[in-house]
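For reference, start16.txt (compact mmCIF, C-alpha atoms):
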# COMPACT_ATOMS: atom_id res chain seq x y z
CA MET A 1 -42.94 35.23 -50.55
CA LYS A 2 -41.74 37.70 -47.96
CA LYS A 3 -45.29 38.26 -46.86
CA GLN A 4 -45.82 34.53 -46.41
CA ASN A 5 -42.73 34.36 -44.26
CA GLY A 6 -44.06 37.25 -42.29
CA ASN A 7 -47.34 35.42 -41.80
CA ARG A 8 -45.57 32.34 -40.56
CA LEU A 9 -43.44 34.36 -38.16
CA THR A 10 -46.37 36.40 -36.88
CA SER A 11 -48.34 33.21 -36.36
CA ALA A 12 -45.41 31.62 -34.64
CA ILE A 13 -45.06 34.62 -32.34
CA ARG A 14 -48.75 34.39 -31.57
CA LEU A 15 -48.56 30.64 -31.02
CA ASP A 16 -45.68 31.00 -28.57
CA GLY A 17 -46.64 34.22 -26.88
CA MET A 18 -50.45 34.20 -26.90
CA LYS A 19 -51.19 30.47 -27.04
CA SER A 20 -53.43 31.21 -30.02
CA THR A 21 -54.17 28.33 -32.38
CA SER A 22 -55.99 30.37 -35.02
CA LEU A 23 -54.18 31.79 -38.07
CA GLN A 24 -55.03 35.44 -38.41
CA PRO A 25 -54.15 37.59 -41.45
CA PRO A 26 -51.41 40.04 -40.45
CA GLU A 27 -52.35 43.54 -39.66
CA GLU A 28 -50.22 46.54 -40.57
CA GLY A 29 -49.17 47.01 -36.92
CA ASP A 30 -48.00 43.42 -36.67
CA VAL A 31 -45.73 43.78 -39.70
CA LYS A 32 -44.25 47.00 -38.32
CA ASP A 33 -43.59 45.28 -34.99
CA LEU A 34 -41.95 42.39 -36.79
CA VAL A 35 -39.69 44.68 -38.81
CA GLN A 36 -38.73 46.53 -35.62
CA LEU A 37 -38.01 43.21 -33.90
CA ILE A 38 -35.79 42.09 -36.75
CA ARG A 39 -33.98 45.45 -36.73
CA GLU A 40 -33.24 44.96 -33.04
CA LEU A 41 -32.29 41.33 -33.47
CA VAL A 42 -29.75 41.81 -36.25
CA PRO A 43 -27.11 43.70 -34.21
CA LEU A 44 -27.75 41.38 -31.28
CA LEU A 45 -27.11 38.34 -33.45
CA GLU A 46 -24.05 40.05 -34.90
CA ASN A 47 -22.73 40.51 -31.34
CA VAL A 48 -23.40 36.85 -30.56
CA ARG A 49 -21.62 35.83 -33.77
CA ASN A 50 -18.60 38.01 -32.91
CA SER A 51 -18.44 36.60 -29.38
CA ILE A 52 -18.57 33.05 -30.68
CA GLU A 53 -15.87 33.81 -33.23
CA GLU A 54 -13.63 35.41 -30.60
CA SER A 55 -14.11 32.50 -28.18
CA THR A 56 -13.47 29.95 -30.92
CA ASN A 57 -10.23 31.69 -31.87
CA ARG A 58 -9.04 31.87 -28.26
CA ILE A 59 -9.56 28.17 -27.45
CA PRO A 60 -6.57 26.77 -29.38
CA ARG A 61 -4.35 29.09 -27.32
CA ALA A 62 -5.87 27.73 -24.09
CA SER A 63 -5.29 24.14 -25.26
CA SER A 64 -1.73 24.98 -26.24
CA GLN A 65 -1.12 26.55 -22.81
CA LEU A 66 -2.42 23.41 -21.08
CA SER A 67 -0.10 21.32 -23.20
CA SER A 68 2.83 23.58 -22.27
CA VAL A 69 1.98 23.25 -18.58
CA THR A 70 1.98 19.45 -18.87
CA GLN A 71 5.31 19.46 -20.70
CA ALA A 72 6.90 21.89 -18.24
CA THR A 73 5.78 19.89 -15.20
CA GLU A 74 7.05 16.67 -16.78
CA ASN A 75 10.44 18.28 -17.47
CA ALA A 76 10.63 19.63 -13.91
CA THR A 77 9.59 16.25 -12.49
CA VAL A 78 12.28 14.46 -14.47
CA GLU A 79 14.84 16.99 -13.19
CA ILE A 80 13.74 16.30 -9.61
CA LEU A 81 13.94 12.55 -10.24
CA ASN A 82 17.46 12.98 -11.65
CA THR A 83 18.50 14.85 -8.51
CA LEU A 84 16.88 12.25 -6.25
CA GLU A 85 18.62 9.43 -8.12
CA SER A 86 21.93 11.23 -7.78
CA MET A 87 21.26 11.74 -4.04
CA THR A 88 20.35 8.07 -3.61
CA ALA A 89 23.51 6.98 -5.43
CA GLY A 90 25.53 9.30 -3.16
CA ILE A 91 23.88 7.88 -0.06
CA THR A 92 24.59 4.32 -1.21
CA LYS A 93 28.28 5.25 -1.67
CA ALA A 94 28.37 6.87 1.78
CA GLN A 95 26.79 3.75 3.33
CA GLN A 96 29.42 1.64 1.61
CA ALA A 97 32.20 3.96 2.89
CA ILE A 98 30.83 3.65 6.43
CA GLN A 99 30.83 -0.12 6.16
CA ASP A 100 34.43 -0.07 4.88
CA ALA A 101 35.51 2.30 7.66
CA ARG A 102 33.81 0.15 10.29
CA ARG A 103 35.58 -2.95 8.97
CA SER A 104 38.90 -1.12 8.88
CA VAL A 105 38.53 0.14 12.45
CA PHE A 106 37.60 -3.37 13.62
CA GLN A 107 40.70 -4.83 11.96
CA THR A 108 42.90 -2.07 13.42
CA ASP A 109 41.41 -2.68 16.87
CA GLU A 110 42.31 -6.35 16.63
CA LEU A 111 45.91 -5.48 15.73
CA VAL A 112 46.16 -2.94 18.57
CA MET A 113 44.74 -5.43 21.10
CA ARG A 114 47.25 -8.07 19.98
CA LEU A 115 50.08 -5.55 20.22
CA LEU A 116 48.96 -4.45 23.68
CA LEU A 117 48.84 -8.05 24.84
CA GLY A 118 52.44 -8.58 23.70
CA LEU A 119 53.51 -5.29 25.19
CA GLY A 120 51.95 -6.22 28.55
CA ARG A 121 53.93 -9.44 28.61
CA LEU A 122 57.16 -7.59 27.72
CA VAL A 123 56.89 -5.05 30.51
CA GLU A 124 56.19 -7.62 33.26
CA GLY A 125 58.89 -7.22 35.87
CA ALA A 126 60.30 -4.12 34.19
CA GLU A 127 60.90 -0.90 36.06
CA GLY A 128 57.88 1.43 36.02
CA ARG A 129 55.61 -1.38 34.80
CA GLU A 130 52.61 -0.01 36.73
CA GLN A 131 52.59 3.15 34.64
CA ILE A 132 53.00 1.16 31.42
CA ALA A 133 50.30 -1.34 32.46
CA SER A 134 47.98 1.52 33.30
CA ALA A 135 48.58 3.15 29.89
CA VAL A 136 48.03 -0.21 28.15
CA THR A 137 44.73 -0.69 30.01
CA ALA A 138 43.59 2.80 29.05
CA VAL A 139 44.29 2.14 25.38
CA ARG A 140 42.53 -1.27 25.57
CA ASN A 141 39.50 0.31 27.15
CA ARG A 142 39.45 2.98 24.48
CA VAL A 143 39.70 0.36 21.70
CA SER A 144 36.94 -1.81 23.15
CA ASP A 145 34.68 1.20 23.78
CA GLY A 146 31.50 0.60 21.78
CA SER A 147 30.71 4.31 21.31
CA ARG A 148 32.72 4.50 18.09
CA ASN A 149 30.57 1.72 16.61
CA ASP A 150 27.48 3.53 17.90
CA GLY A 151 28.60 6.53 15.83
CA PHE A 152 28.85 4.40 12.72
CA GLY A 153 25.46 2.88 13.43
CA ALA A 154 23.84 6.29 13.91
CA ALA A 155 25.32 7.61 10.65
CA ASP A 156 24.19 4.48 8.83
CA GLN A 157 20.66 4.82 10.22
CA LEU A 158 20.52 8.49 9.25
CA LEU A 159 21.59 7.67 5.69
CA ALA A 160 19.06 4.84 5.44
CA ARG A 161 16.29 7.18 6.61
CA THR A 162 17.34 9.86 4.11
CA LYS A 163 17.28 7.22 1.37
CA GLU A 164 13.74 6.21 2.34
CA GLU A 165 12.65 9.84 2.36
CA SER A 166 14.08 10.48 -1.09
CA MET A 167 12.17 7.41 -2.33
CA SER A 168 9.05 8.81 -0.72
CA ILE A 169 9.52 12.10 -2.63
CA ALA A 170 9.97 10.14 -5.87
CA ILE A 171 6.78 8.19 -5.19
CA SER A 172 4.87 11.45 -4.59
CA LEU A 173 5.94 12.63 -8.03
CA GLN A 174 3.36 10.23 -9.48
CA VAL A 175 1.11 13.25 -9.05
CA GLN A 176 2.64 14.61 -12.29
CA ASP A 177 1.36 11.66 -14.34
CA ILE A 178 -2.05 11.80 -12.69
CA THR A 179 -2.53 15.57 -13.10
CA SER A 180 -1.32 15.42 -16.71
CA GLN A 181 -4.12 12.92 -17.41
CA GLN A 182 -6.61 15.26 -15.73
CA LEU A 183 -5.32 18.17 -17.83
CA ALA A 184 -5.59 16.06 -20.99
CA GLY A 185 -9.23 15.45 -20.04
CA VAL A 186 -9.81 19.20 -19.65
CA ALA A 187 -8.11 19.84 -23.01
CA GLN A 188 -10.47 17.35 -24.63
CA ILE A 189 -13.52 19.10 -23.15
CA ILE A 190 -12.18 22.46 -24.39
CA GLU A 191 -11.65 21.00 -27.86
CA SER A 192 -15.22 19.69 -28.01
CA VAL A 193 -16.52 23.15 -26.95
CA ARG A 194 -14.39 24.71 -29.71
CA LEU A 195 -15.85 22.32 -32.29
CA GLN A 196 -19.38 23.12 -31.15
CA LEU A 197 -18.72 26.85 -31.29
CA ALA A 198 -17.14 26.52 -34.75
CA ASP A 199 -20.21 24.57 -35.84
CA ALA A 200 -22.48 27.33 -34.48
CA LEU A 201 -20.38 29.90 -36.35
CA ASP A 202 -20.72 27.91 -39.60
CA ARG A 203 -24.47 27.85 -39.12
CA PHE A 204 -24.53 31.63 -38.65
CA GLU A 205 -22.62 32.18 -41.83
CA GLY A 206 -23.98 29.36 -43.96
CA GLY A 207 -27.60 29.41 -42.88
CA MET A 208 -29.52 27.35 -40.37
CA THR A 209 -30.84 24.71 -42.75
CA GLY A 210 -29.15 21.83 -44.47
CA ALA A 211 -26.11 21.75 -42.20
CA ALA A 212 -24.94 18.28 -41.23
CA PRO A 213 -25.06 17.51 -37.49
CA LEU A 214 -21.78 18.05 -35.68
CA ALA A 215 -19.64 14.94 -35.30
CA LEU A 216 -17.55 15.15 -32.12
CA PRO A 217 -14.21 13.34 -32.04
CA ALA A 218 -14.11 9.92 -30.36
CA THR A 219 -13.02 9.90 -26.70
CA ASP A 220 -9.26 9.74 -26.44
CA THR A 221 -8.18 6.56 -24.64
CA THR A 222 -4.61 7.61 -23.94
CA PHE A 223 -5.59 9.14 -20.63
CA ASP A 224 -8.03 8.59 -17.79
CA THR A 225 -10.27 11.57 -17.04
CA ASN A 226 -11.15 10.00 -13.67
CA ALA A 227 -7.53 9.81 -12.56
CA GLU A 228 -7.10 11.02 -9.00
CA TYR A 229 -4.15 11.51 -6.68
CA THR A 230 -5.02 10.24 -3.23
CA ARG A 231 -3.19 8.58 -0.36
CA SER A 232 -6.35 6.71 0.59
CA ASP A 233 -6.24 2.91 0.27
CA ALA A 234 -9.94 2.69 -0.58
CA ARG A 235 -9.55 2.29 -4.36
CA GLN A 236 -6.70 -0.21 -4.01
CA ASN A 237 -8.62 -2.20 -1.39
CA ALA A 238 -11.68 -2.34 -3.68
CA ALA A 239 -9.47 -3.54 -6.56
CA ASP A 240 -7.84 -6.14 -4.28
CA ASP A 241 -11.29 -7.49 -3.33
CA ILE A 242 -12.23 -7.93 -6.98
CA VAL A 243 -8.90 -9.60 -7.77
CA ARG A 244 -9.35 -11.96 -4.79
CA GLN A 245 -12.90 -12.88 -5.79
CA TRP A 246 -11.88 -13.34 -9.41
CA SER A 247 -8.90 -15.52 -8.48
CA ALA A 248 -11.07 -17.61 -6.14
CA THR A 249 -13.55 -18.38 -8.92
CA LYS A 250 -10.73 -19.33 -11.31
CA SER A 251 -8.78 -21.57 -8.94
CA MET B 1 15.10 -12.19 -6.91
CA ALA B 2 17.93 -10.86 -9.03
CA ASP B 3 17.13 -13.36 -11.79
CA HIS B 4 13.95 -11.61 -12.87
CA LYS B 5 13.99 -9.28 -15.83
CA PHE B 6 11.22 -6.68 -15.74
CA LEU B 7 9.65 -4.89 -18.68
CA VAL B 8 8.05 -1.61 -17.52
CA VAL B 9 5.53 -0.16 -19.98
CA ASP B 10 4.14 3.37 -19.51
CA ASP B 11 3.79 6.36 -21.85
CA SER B 12 4.70 8.67 -18.97
CA LEU B 13 8.46 9.07 -18.61
CA THR B 14 7.89 10.13 -14.99
CA MET B 15 6.01 6.93 -14.15
CA ARG B 16 8.57 4.71 -15.88
CA ARG B 17 11.38 6.33 -13.90
CA ILE B 18 9.46 5.96 -10.62
CA VAL B 19 8.59 2.29 -11.22
CA VAL B 20 12.15 1.49 -12.32
CA ASN B 21 13.59 3.22 -9.21
CA ALA B 22 11.15 1.38 -6.98
CA LEU B 23 12.11 -1.96 -8.56
CA LYS B 24 15.80 -1.20 -8.09
CA SER B 25 15.22 -0.28 -4.45
CA LEU B 26 13.61 -3.72 -4.07
CA GLY B 27 16.73 -5.33 -5.49
CA TYR B 28 15.57 -5.93 -9.07
CA GLU B 29 18.37 -4.60 -11.22
CA GLN B 30 17.37 -5.97 -14.64
CA VAL B 31 14.74 -3.58 -16.00
CA VAL B 32 13.81 -2.73 -19.59
CA GLU B 33 11.45 0.15 -20.47
CA ALA B 34 8.85 0.62 -23.22
CA GLN B 35 6.67 3.67 -23.90
CA ASP B 36 3.52 1.88 -25.13
CA GLY B 37 2.15 -1.54 -26.00
CA LYS B 38 3.61 -1.60 -29.49
CA ASP B 39 7.06 -0.71 -28.18
CA ALA B 40 6.64 -3.39 -25.49
CA VAL B 41 5.86 -6.08 -28.08
CA GLY B 42 9.10 -5.15 -29.90
CA LYS B 43 11.11 -5.26 -26.66
CA LEU B 44 9.58 -8.61 -25.67
CA MET B 45 10.50 -10.10 -29.03
CA THR B 46 14.06 -8.75 -29.07
CA GLU B 47 15.10 -8.58 -25.42
CA GLY B 48 12.58 -10.80 -23.62
CA ALA B 49 11.40 -10.38 -20.03
CA SER B 50 10.27 -12.58 -17.17
CA PHE B 51 7.84 -10.07 -15.63
CA LEU B 52 5.68 -7.41 -17.26
CA ILE B 53 4.46 -4.25 -15.50
CA THR B 54 2.13 -2.18 -17.65
CA ASP B 55 -0.01 0.95 -17.58
CA TRP B 56 -3.49 0.80 -19.17
CA ASN B 57 -4.03 4.11 -21.01
CA MET B 58 -1.38 4.48 -23.68
CA PRO B 59 -1.21 5.51 -27.34
CA GLU B 60 -0.56 3.03 -30.16
CA MET B 61 -1.41 -0.10 -28.16
CA ASN B 62 -2.88 0.18 -24.66
CA GLY B 63 -2.08 -2.07 -21.70
CA LEU B 64 -5.22 -4.14 -22.06
CA ASP B 65 -4.50 -4.93 -25.72
CA LEU B 66 -0.88 -5.66 -24.81
CA THR B 67 -2.08 -8.14 -22.15
CA LYS B 68 -4.38 -9.83 -24.69
CA TRP B 69 -1.52 -10.03 -27.19
CA VAL B 70 0.77 -11.60 -24.58
CA ARG B 71 -1.84 -14.16 -23.53
CA THR B 72 -2.47 -15.28 -27.09
CA ASN B 73 1.23 -15.58 -27.89
CA SER B 74 2.50 -19.07 -27.02
CA GLN B 75 5.99 -17.74 -26.27
CA PHE B 76 4.77 -15.39 -23.52
CA GLU B 77 1.34 -16.69 -22.48
CA HIS B 78 2.52 -17.48 -18.92
CA LEU B 79 4.41 -14.21 -18.46
CA PRO B 80 3.44 -12.62 -15.09
CA ILE B 81 1.60 -9.34 -15.73
CA LEU B 82 0.98 -6.59 -13.17
CA MET B 83 -1.16 -3.67 -14.29
CA ILE B 84 -0.49 -0.27 -12.65
CA THR B 85 -3.11 2.27 -13.69
CA THR B 86 -5.20 5.24 -12.58
CA ARG B 87 -8.35 3.31 -13.57
CA GLY B 88 -9.86 2.12 -10.31
CA ASN B 89 -13.47 1.42 -11.25
CA LYS B 90 -14.89 -2.03 -10.59
CA ASP B 91 -15.62 -2.59 -14.29
CA ASP B 92 -12.05 -1.68 -15.21
CA VAL B 93 -10.56 -4.16 -12.74
CA ILE B 94 -12.91 -6.90 -14.00
CA GLU B 95 -12.00 -6.14 -17.61
CA ALA B 96 -8.31 -6.37 -16.77
CA MET B 97 -8.83 -9.68 -14.92
CA LYS B 98 -10.78 -11.01 -17.90
CA ALA B 99 -7.80 -10.12 -20.09
CA ARG B 100 -5.79 -12.22 -17.60
CA VAL B 101 -3.53 -9.78 -15.82
CA ASN B 102 -2.15 -11.45 -12.69
CA ASN B 103 -2.74 -8.52 -10.38
CA TYR B 104 -3.76 -4.89 -10.34
CA ILE B 105 -2.45 -1.71 -8.70
CA VAL B 106 -4.31 1.59 -8.67
CA LYS B 107 -2.02 4.64 -8.96
CA PRO B 108 -0.49 6.17 -6.96
CA PHE B 109 1.36 3.07 -5.79
CA THR B 110 3.75 2.63 -2.87
CA PRO B 111 6.99 0.60 -3.00
CA GLN B 112 5.53 -1.65 -0.28
CA GLY B 113 2.36 -2.23 -2.35
CA LEU B 114 4.46 -2.95 -5.42
CA LYS B 115 6.60 -5.45 -3.50
CA GLU B 116 3.52 -7.23 -2.11
CA LYS B 117 1.97 -7.62 -5.54
CA ILE B 118 5.20 -8.84 -7.16
CA ASP B 119 5.75 -11.34 -4.34
CA GLN B 120 2.14 -12.58 -4.59
CA ILE B 121 2.40 -13.06 -8.35
CA LEU B 122 5.78 -14.77 -8.19
CA LYS B 123 4.60 -17.07 -5.39
CA VAL B 124 1.65 -18.25 -7.48
CA THR B 125 3.45 -18.48 -10.82
CA GLU B 126 6.50 -20.22 -9.36
CA THR B 127 4.28 -22.72 -7.52
CA LYS B 128 2.50 -23.52 -10.80
CA ALA B 129 5.81 -23.86 -12.63

Output the file's structure in the form of structure tokens.
Amino acid sequence: MKKQNGNRLTSAIRLDGMKSTSLQPPEEGDVKDLVQLIRELVPLLENVRNSIEESTNRIPRASSQLSSVTQATENATVEILNTLESMTAGITKAQQAIQDARRSVFQTDELVMRLLLGLGRLVEGAEGREQIASAVTAVRNRVSDGSRNDGFGAADQLLARTKEESMSIAISLQVQDITSQQLAGVAQIIESVRLQLADALDRFEGGMTGAAPLALPATDTTFDTNAEYTRSDARQNAADDIVRQWSATKS
Amino acid sequence: MADHKFLVVDDSLTMRRIVVNALKSLGYEQVVEAQDGKDAVGKLMTEGASFLITDWNMPEMNGLDLTKWVRTNSQFEHLPILMITTRGNKDDVIEAMKARVNNYIVKPFTPQGLKEKIDQILKVTETKA
């Protein structure tokens, strides 16, 4: 039996290496070469088996690390969003306070102007009226000076711009969702490599024949492996074109 | 504007928060959240909504299946649906349109883009109504 196997192997070696199509009976030298080849192959195959085993055992750790990265970035992103929301709420309150202050100043100005008007009438003909009239005019000018309102306006504009910028930061945080989908895609590839390596290991240990072909898990549909974070409008414009064409055919 | 009640469906907490914030910045204060299609069906049945914004890729029930469920349910068949997803291939957009979403946004979105799409959808649906 062993000799027959040897014949087949020798013939196979000849077929591959020498392009010979004739079956020759093995010679003593051939058998010795074959034994030597097998002796050399065994430790080599053992090394391959050990490498596969080591790689297979390491992969779950890599997948787990990817999962931890995703979780950590999501937690950090939510913390940033919390801070941004708190900032935005603070800005809204400040804008409201500015509006209230502006209204209050306007109402006070009206009262002061009315008072000054009455005061002006009272001092007519009185001694030293020029000085009083001059002081009244100075106060009226100060009250009607628009620069105080400019200050309110500038503060309001600054707050509005800060609010827009905080929204812009929040919008950029979509990158977390998109990269987590890309990482999930990588994790799936790693898992399929692990399964293939485990299958190869089984074949080493259980023999090459009779093993069922490896069944890879179905593609996970909870993420998009083609997800990409880009500021380009190209993908949205292409989608808009399709939506427009579709809507036109349906209307 | 303030009358609309939005249901935002996404399995990513980050995305839900961002969409909800964007809606609030546009003046829409009534927003309900769901983490996948199945959760969204429950929220629709118990809390209702007048506008649905959904992701596509989700566990349990994805956005496409949710859209199909909505369109075959007489109570919600005319509910405006905006899909916001990373899937930007032509075939994906066509599949979503076949499932009868009203419009489609490819992530990452901008508040301006979101506003435009909501306004477009409401203009059409309110004209029909």

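The closest residue to Asn62 (chain B), picked from A:Ile98, A:Phe223, A:Thr108, A:Val243 and counting only C-alpha atoms, is A:Phe223.
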
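Atom pair CA of Phe204 (chain A) / CA of Ile59 (chain A) has a distance of 19.0 Å (rounded to one decimal).
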
Problem set entry | Contact set, chain B to chain A: 7 Å, all atoms listed in the file, as a PyMOL selection string | chain B and resi 12+14-15+18+57-59+86-88+90+93+103-106+108+110

Exercise. Leaving out Phe6 (chain B) and any residue of its chain fewer than 6 positions from it, which residues lie within 6 Å of it when counting only C-alpha atoms, given as a list in words?
Worked result: Val31, Ala49, Phe51 and Leu52 of chain B

Problem set entry | For CA of Phe106 (chain A) and CA of Met87 (chain A), the interatomic separation in Å (one decimal) | 28.4 Å

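Here CA of Leu114 (chain B) stands at a distance of 19.8 Å from CA of Ala160 (chain A).
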
Please list as an mmCIF file with C-alpha atoms, keeping the file's coordinate frame every residue within 10 Å of Gln99 (chain A), counting only C-alpha atoms and excluding residues in the same chain fewer than 4 positions away.
data_model
loop_
_atom_site.group_PDB
_atom_site.id
_atom_site.type_symbol
_atom_site.label_atom_id
_atom_site.label_comp_id
_atom_site.auth_asym_id
_atom_site.auth_seq_id
_atom_site.Cartn_x
_atom_site.Cartn_y
_atom_site.Cartn_z
ATOM 1 C CA LYS A 93 28.280 5.250 -1.670
ATOM 2 C CA ALA A 94 28.370 6.870 1.780
ATOM 3 C CA GLN A 95 26.790 3.750 3.330
ATOM 4 C CA ARG A 103 35.580 -2.950 8.970
ATOM 5 C CA SER A 104 38.900 -1.120 8.880
ATOM 6 C CA VAL A 105 38.530 0.140 12.450
ATOM 7 C CA PHE A 152 28.850 4.400 12.720
ATOM 8 C CA GLY A 153 25.460 2.880 13.430
ATOM 9 C CA ASP A 156 24.190 4.480 8.830
#

Exercise. Near region 136-140 of chain A, within 8 Å and counting all atoms listed in the file, which residues show up once chain neighbours fewer than 4 positions away are dropped, as a ChimeraX atom specification?
Worked result: /A:113,116,120,132,144
